[in-house]
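What follows is a single structure, written as structure tokens, with notes after it.
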Amino acid sequence: MMTNEQKSRILAAIAENRKNYASDAKHAVALGVSTSVYSNIKKGDTDRKLSDAGWVSIARRLGVSLSGEKEWQIVKTPVFEYVTTQLALCREQGLSGIICDLPDIGKTVAARWFAQNTPNTVYVDCSQVKTRPRLIRHIARQFGVTSTGRYIDVYDDLVYYLRSLDRPMIILDEAGDLSYEAYLELKALWNATEHHCGWYQLGADALRAKIDRGIEYAKVGYAELKSRFGNVYQRISPTDSKERESFMMTQAAMIAKANAGNDINVKEIVRKSGGSLRRVYTALNKQ
């Protein structure tokens, strides 16, 4: 049973997220609820307006923890600063880019934060929407465009809406997980929204290998997509092993220090983490 305290946290997240949408109706579509239900819960009238499954769905979309765990403090690490600066530039100027770098260095945290705090910006975890219809319907819903009905209608409505928005931005995380058909559809959507939408792909070695392999075997779409996304794989972590280790340990220390309590041995946590931000997170949660 969803508690009132959990509902309050979700309502706070809804209110915060509302600023990124042009209207209540668009926000309601993005959250997967009717406009009447949205109107009621926005006023604080939550009694029997949504099932527990409905509340859980909204919490998942907005990244609200239902377990009551401590909120993770955002730290402006070098990776955070680099990724958010890149995203802001692409959004402002309708540009596109790709970053292929090590996993577990904070790329996703930066991308999610940017999307949550920037109007008309959508973050997509491609590992969850790997196929062409799921990807396009997900992007449409996130922008508040109706995602049900015929696929072609959803696609056309999405293109029309993106071209009407003020500096929309689509962030594709784990883009290497997309199926070939889904990845190819990005080219069509990019073409249809050229100069009207900013794009950014995030991934690790798998994304780079997927694109390069597609180009090597002359597979349709890969060379064109790489060109449209700037033709360069951005990277921030050092390539030298010793410099990379120092870089990762420094970031881990910044995050641990910002999120640890006064009675926690930050140096020990960072040492044991080996620079892994996930290990830092796990260790602090155990504390």
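Order determines the names: the first chain of the structure tokens is A, the second B, and so forth; residues in each chain are numbered 1 upward, and ligands are numbered 1 upward as they are shown.
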
So which residues touch Phe114 (chain A) within 10 Å, counting only C-alpha atoms, skipping near sequence neighbours fewer than 6 positions away, as JSON, numbers by chain? {"A": [80, 83, 84, 85, 87, 88, 108, 121, 122, 123, 171]}

Serialized selection, C-alpha atoms, as a tab-separated table (two decimals), in the first residue's frame:
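The file below, again38.tsv, is the result:
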```
chain	number	residue	atom	x	y	z
A	80	PHE	CA	29.51	16.26	-14.72
A	83	VAL	CA	28.77	16.39	-20.09
A	84	THR	CA	26.37	19.15	-19.00
A	85	THR	CA	28.38	21.77	-20.90
A	87	LEU	CA	24.51	19.08	-23.63
A	88	ALA	CA	23.82	22.79	-23.11
A	108	THR	CA	24.41	9.02	-16.74
A	121	THR	CA	14.66	17.96	-22.80
A	122	VAL	CA	14.19	14.20	-22.74
A	123	TYR	CA	16.55	11.56	-21.35
A	171	ILE	CA	19.67	12.52	-24.85
```

Identify, on the basis of only C-alpha atoms, every residue whose closest approach to His27 (chain A) does not exceed 10 Å; exclude the query and any residue fewer than 3 positions from it along the same chain; express the result as a ChimeraX atom specification. /A:14,17-24,30-35,38,141-145

Considering only C-alpha atoms, state which residue in the set A:Ala206, A:Leu284, A:Lys272, A:Lys42 is at the smallest distance from Lys257 (chain A). A:Leu284

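Closest to Trp199 (chain A) among A:Leu184, A:Val270, A:Ala256, A:Cys90 is A:Cys90, based on only C-alpha atoms.
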
Pairwise distance for CA of Ile269 (chain A) and CA of Pro238 (chain A), rounded to one decimal in Å: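 A separation of 22.8 Å between them.
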
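Among the residues of region 35-108 of chain A, backbone DSSP assigns strand (DSSP E) to Ser96, Gly97, Ile98, Ile99 and Cys100 of chain A.
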
Residues of the last selection are to be written out with N, CA and C atoms, as a compact mmCIF listing (two decimals), in the first residue's frame.
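File written: result.txt
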```
# COMPACT_ATOMS: atom_id res chain seq x y z
N SER A 96 24.56 18.18 -32.50
CA SER A 96 24.54 16.78 -32.06
C SER A 96 25.95 16.34 -31.71
N GLY A 97 26.05 15.40 -30.76
CA GLY A 97 27.36 14.92 -30.35
C GLY A 97 27.29 13.52 -29.79
N ILE A 98 28.46 12.89 -29.64
CA ILE A 98 28.58 11.56 -29.06
C ILE A 98 29.72 11.56 -28.07
N ILE A 99 29.51 10.95 -26.90
CA ILE A 99 30.61 10.70 -25.98
C ILE A 99 30.71 9.19 -25.76
N CYS A 100 31.89 8.65 -26.01
CA CYS A 100 32.17 7.24 -25.74
C CYS A 100 33.32 7.20 -24.75
```

Find the residues near Asp104 (chain A): any atom within 8 Å, counting only C-alpha atoms, skip ones fewer than 5 places away on the same chain, and give them as an NGL selection string. :A and (276-278)

Using only C-alpha atoms, the best pick from A:Glu71, A:Met248, A:Lys49, A:Glu268 as closest to Asn285 (chain A) would be A:Glu71

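One distance worth recording is that between CA of Ala13 (chain A) and CA of Ser65 (chain A), which is 10.6 Å.
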
DSSP alpha helix (DSSP H) residues within region 162-275 of chain A, listed as a PyMOL selection string: chain A and resi 162-164+180-192+205-216+222-228+241-259+266-273

Proximity to Asn259 (chain A) - best of A:Val75, A:Asn231, A:Pro168, A:Arg213, only C-alpha atoms: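 Nearest to Asn259 (chain A): A:Val75.
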
Residue neighbourhood region 146-153 of chain A, 10 Å, only C-alpha atoms, exclusion window fewer than 4 positions, as a ChimeraX atom specification: /A:26,29-30,32,132-134,136-142,157-159

Take the residues from that selection and write them out as a compact mmCIF listing (two decimals), in the first residue's frame, keeping all heavy atoms.
```txt
# COMPACT_ATOMS: atom_id res chain seq x y z
N LYS A 26 0.30 18.33 -21.54
CA LYS A 26 1.51 17.66 -22.02
C LYS A 26 2.19 16.90 -20.88
O LYS A 26 2.67 15.77 -21.06
CB LYS A 26 2.48 18.68 -22.60
CG LYS A 26 2.02 19.33 -23.89
CD LYS A 26 1.96 18.32 -25.02
CE LYS A 26 1.58 18.99 -26.34
NZ LYS A 26 1.37 17.98 -27.42
N VAL A 29 0.33 13.62 -20.16
CA VAL A 29 0.67 12.57 -21.12
C VAL A 29 2.02 11.96 -20.79
O VAL A 29 2.20 10.74 -20.81
CB VAL A 29 0.67 13.13 -22.56
CG1 VAL A 29 1.22 12.09 -23.53
CG2 VAL A 29 -0.74 13.54 -22.98
N ALA A 30 3.00 12.81 -20.46
CA ALA A 30 4.34 12.32 -20.13
C ALA A 30 4.32 11.42 -18.91
O ALA A 30 5.10 10.46 -18.82
CB ALA A 30 5.28 13.50 -19.92
N GLY A 32 1.70 9.65 -17.99
CA GLY A 32 0.85 8.49 -18.25
C GLY A 32 -0.47 8.52 -17.49
O GLY A 32 -1.00 7.45 -17.15
N ARG A 132 12.57 -0.23 -32.43
CA ARG A 132 12.16 1.02 -33.09
C ARG A 132 10.84 1.57 -32.55
O ARG A 132 10.78 2.74 -32.15
CB ARG A 132 12.06 0.80 -34.60
CG ARG A 132 11.69 2.05 -35.37
CD ARG A 132 11.52 1.76 -36.84
NE ARG A 132 10.35 0.92 -37.09
CZ ARG A 132 9.60 1.00 -38.19
NH1 ARG A 132 9.91 1.85 -39.14
NH2 ARG A 132 8.56 0.22 -38.34
N PRO A 133 9.76 0.75 -32.48
CA PRO A 133 8.49 1.32 -31.99
C PRO A 133 8.56 1.75 -30.53
O PRO A 133 8.01 2.80 -30.16
CB PRO A 133 7.47 0.20 -32.21
CG PRO A 133 8.27 -1.05 -32.37
CD PRO A 133 9.58 -0.63 -32.97
N ARG A 134 9.25 0.96 -29.69
CA ARG A 134 9.34 1.33 -28.27
C ARG A 134 10.13 2.63 -28.10
O ARG A 134 9.79 3.47 -27.27
CB ARG A 134 9.99 0.21 -27.46
CG ARG A 134 9.11 -1.03 -27.29
CD ARG A 134 9.59 -1.89 -26.15
NE ARG A 134 9.43 -1.22 -24.86
CZ ARG A 134 9.84 -1.71 -23.70
NH1 ARG A 134 10.47 -2.88 -23.67
NH2 ARG A 134 9.64 -1.06 -22.58
N ILE A 136 10.59 5.22 -30.31
CA ILE A 136 9.88 6.40 -30.80
C ILE A 136 8.66 6.71 -29.93
O ILE A 136 8.39 7.87 -29.60
CB ILE A 136 9.47 6.22 -32.27
CG1 ILE A 136 10.71 6.05 -33.15
CG2 ILE A 136 8.64 7.40 -32.75
CD1 ILE A 136 11.71 7.19 -33.06
N ARG A 137 7.93 5.68 -29.53
CA ARG A 137 6.76 5.91 -28.67
C ARG A 137 7.21 6.46 -27.31
O ARG A 137 6.54 7.32 -26.72
CB ARG A 137 5.97 4.62 -28.49
CG ARG A 137 5.23 4.17 -29.75
CD ARG A 137 4.41 2.91 -29.51
NE ARG A 137 3.87 2.33 -30.72
CZ ARG A 137 2.76 2.72 -31.33
NH1 ARG A 137 2.04 3.71 -30.80
NH2 ARG A 137 2.34 2.13 -32.44
N HIS A 138 8.34 5.97 -26.81
CA HIS A 138 8.86 6.47 -25.53
C HIS A 138 9.25 7.93 -25.63
O HIS A 138 8.91 8.74 -24.76
CB HIS A 138 10.06 5.63 -25.11
CG HIS A 138 10.70 6.10 -23.83
ND1 HIS A 138 10.17 5.83 -22.59
CD2 HIS A 138 11.82 6.85 -23.60
CE1 HIS A 138 10.94 6.37 -21.65
NE2 HIS A 138 11.93 7.00 -22.24
N ILE A 139 9.97 8.30 -26.68
CA ILE A 139 10.36 9.70 -26.86
C ILE A 139 9.13 10.58 -26.99
O ILE A 139 9.06 11.66 -26.38
CB ILE A 139 11.26 9.85 -28.10
CG1 ILE A 139 12.61 9.14 -27.89
CG2 ILE A 139 11.51 11.33 -28.43
CD1 ILE A 139 13.50 9.11 -29.11
N ALA A 140 8.15 10.13 -27.76
CA ALA A 140 6.91 10.90 -27.92
C ALA A 140 6.23 11.13 -26.58
O ALA A 140 5.85 12.26 -26.25
CB ALA A 140 5.98 10.18 -28.89
N ARG A 141 6.08 10.07 -25.81
CA ARG A 141 5.41 10.19 -24.51
C ARG A 141 6.16 11.13 -23.58
O ARG A 141 5.56 11.93 -22.87
CB ARG A 141 5.27 8.81 -23.87
CG ARG A 141 4.47 8.85 -22.55
CD ARG A 141 4.18 7.46 -22.03
NE ARG A 141 5.40 6.74 -21.70
CZ ARG A 141 5.85 5.68 -22.37
NH1 ARG A 141 5.18 5.21 -23.40
NH2 ARG A 141 6.96 5.07 -22.00
N GLN A 142 7.49 11.05 -23.60
CA GLN A 142 8.29 11.91 -22.73
C GLN A 142 8.11 13.39 -23.07
O GLN A 142 8.24 14.26 -22.21
CB GLN A 142 9.77 11.54 -22.82
CG GLN A 142 10.11 10.17 -22.24
CD GLN A 142 9.80 10.09 -20.76
OE1 GLN A 142 8.73 9.65 -20.35
NE2 GLN A 142 10.72 10.55 -19.94
N ASP A 157 3.43 13.00 -35.51
CA ASP A 157 3.07 13.97 -34.47
C ASP A 157 4.30 14.40 -33.67
O ASP A 157 4.43 15.57 -33.30
CB ASP A 157 2.03 13.36 -33.51
CG ASP A 157 0.66 13.24 -34.13
OD1 ASP A 157 0.43 13.83 -35.21
OD2 ASP A 157 -0.20 12.55 -33.55
N LEU A 158 5.20 13.45 -33.42
CA LEU A 158 6.43 13.77 -32.69
C LEU A 158 7.28 14.75 -33.49
O LEU A 158 7.78 15.75 -32.95
CB LEU A 158 7.22 12.49 -32.41
CG LEU A 158 8.61 12.67 -31.79
CD1 LEU A 158 8.52 13.38 -30.44
CD2 LEU A 158 9.31 11.33 -31.64
N VAL A 159 7.46 14.49 -34.78
CA VAL A 159 8.25 15.39 -35.63
C VAL A 159 7.64 16.79 -35.65
O VAL A 159 8.35 17.79 -35.48
CB VAL A 159 8.34 14.82 -37.07
CG1 VAL A 159 8.92 15.88 -38.02
CG2 VAL A 159 9.20 13.57 -37.10
```

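Taking CA of Ile236 (chain A) and CA of Thr250 (chain A) as endpoints, the distance between them is 13.8 Å.
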
Polymer residues at most 9 Å from Gly176 (chain A), only C-alpha atoms, same-chain spacing of 3 or more positions, as a PyMOL selection string: chain A and resi 126-127+173+179+183+202-211

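The shortest atom-to-atom distance to Ile264 (chain A), with only C-alpha atoms taken into account, belongs to A:Ala283 out of A:Ala283, A:Leu189, A:Val154, A:Ala12.
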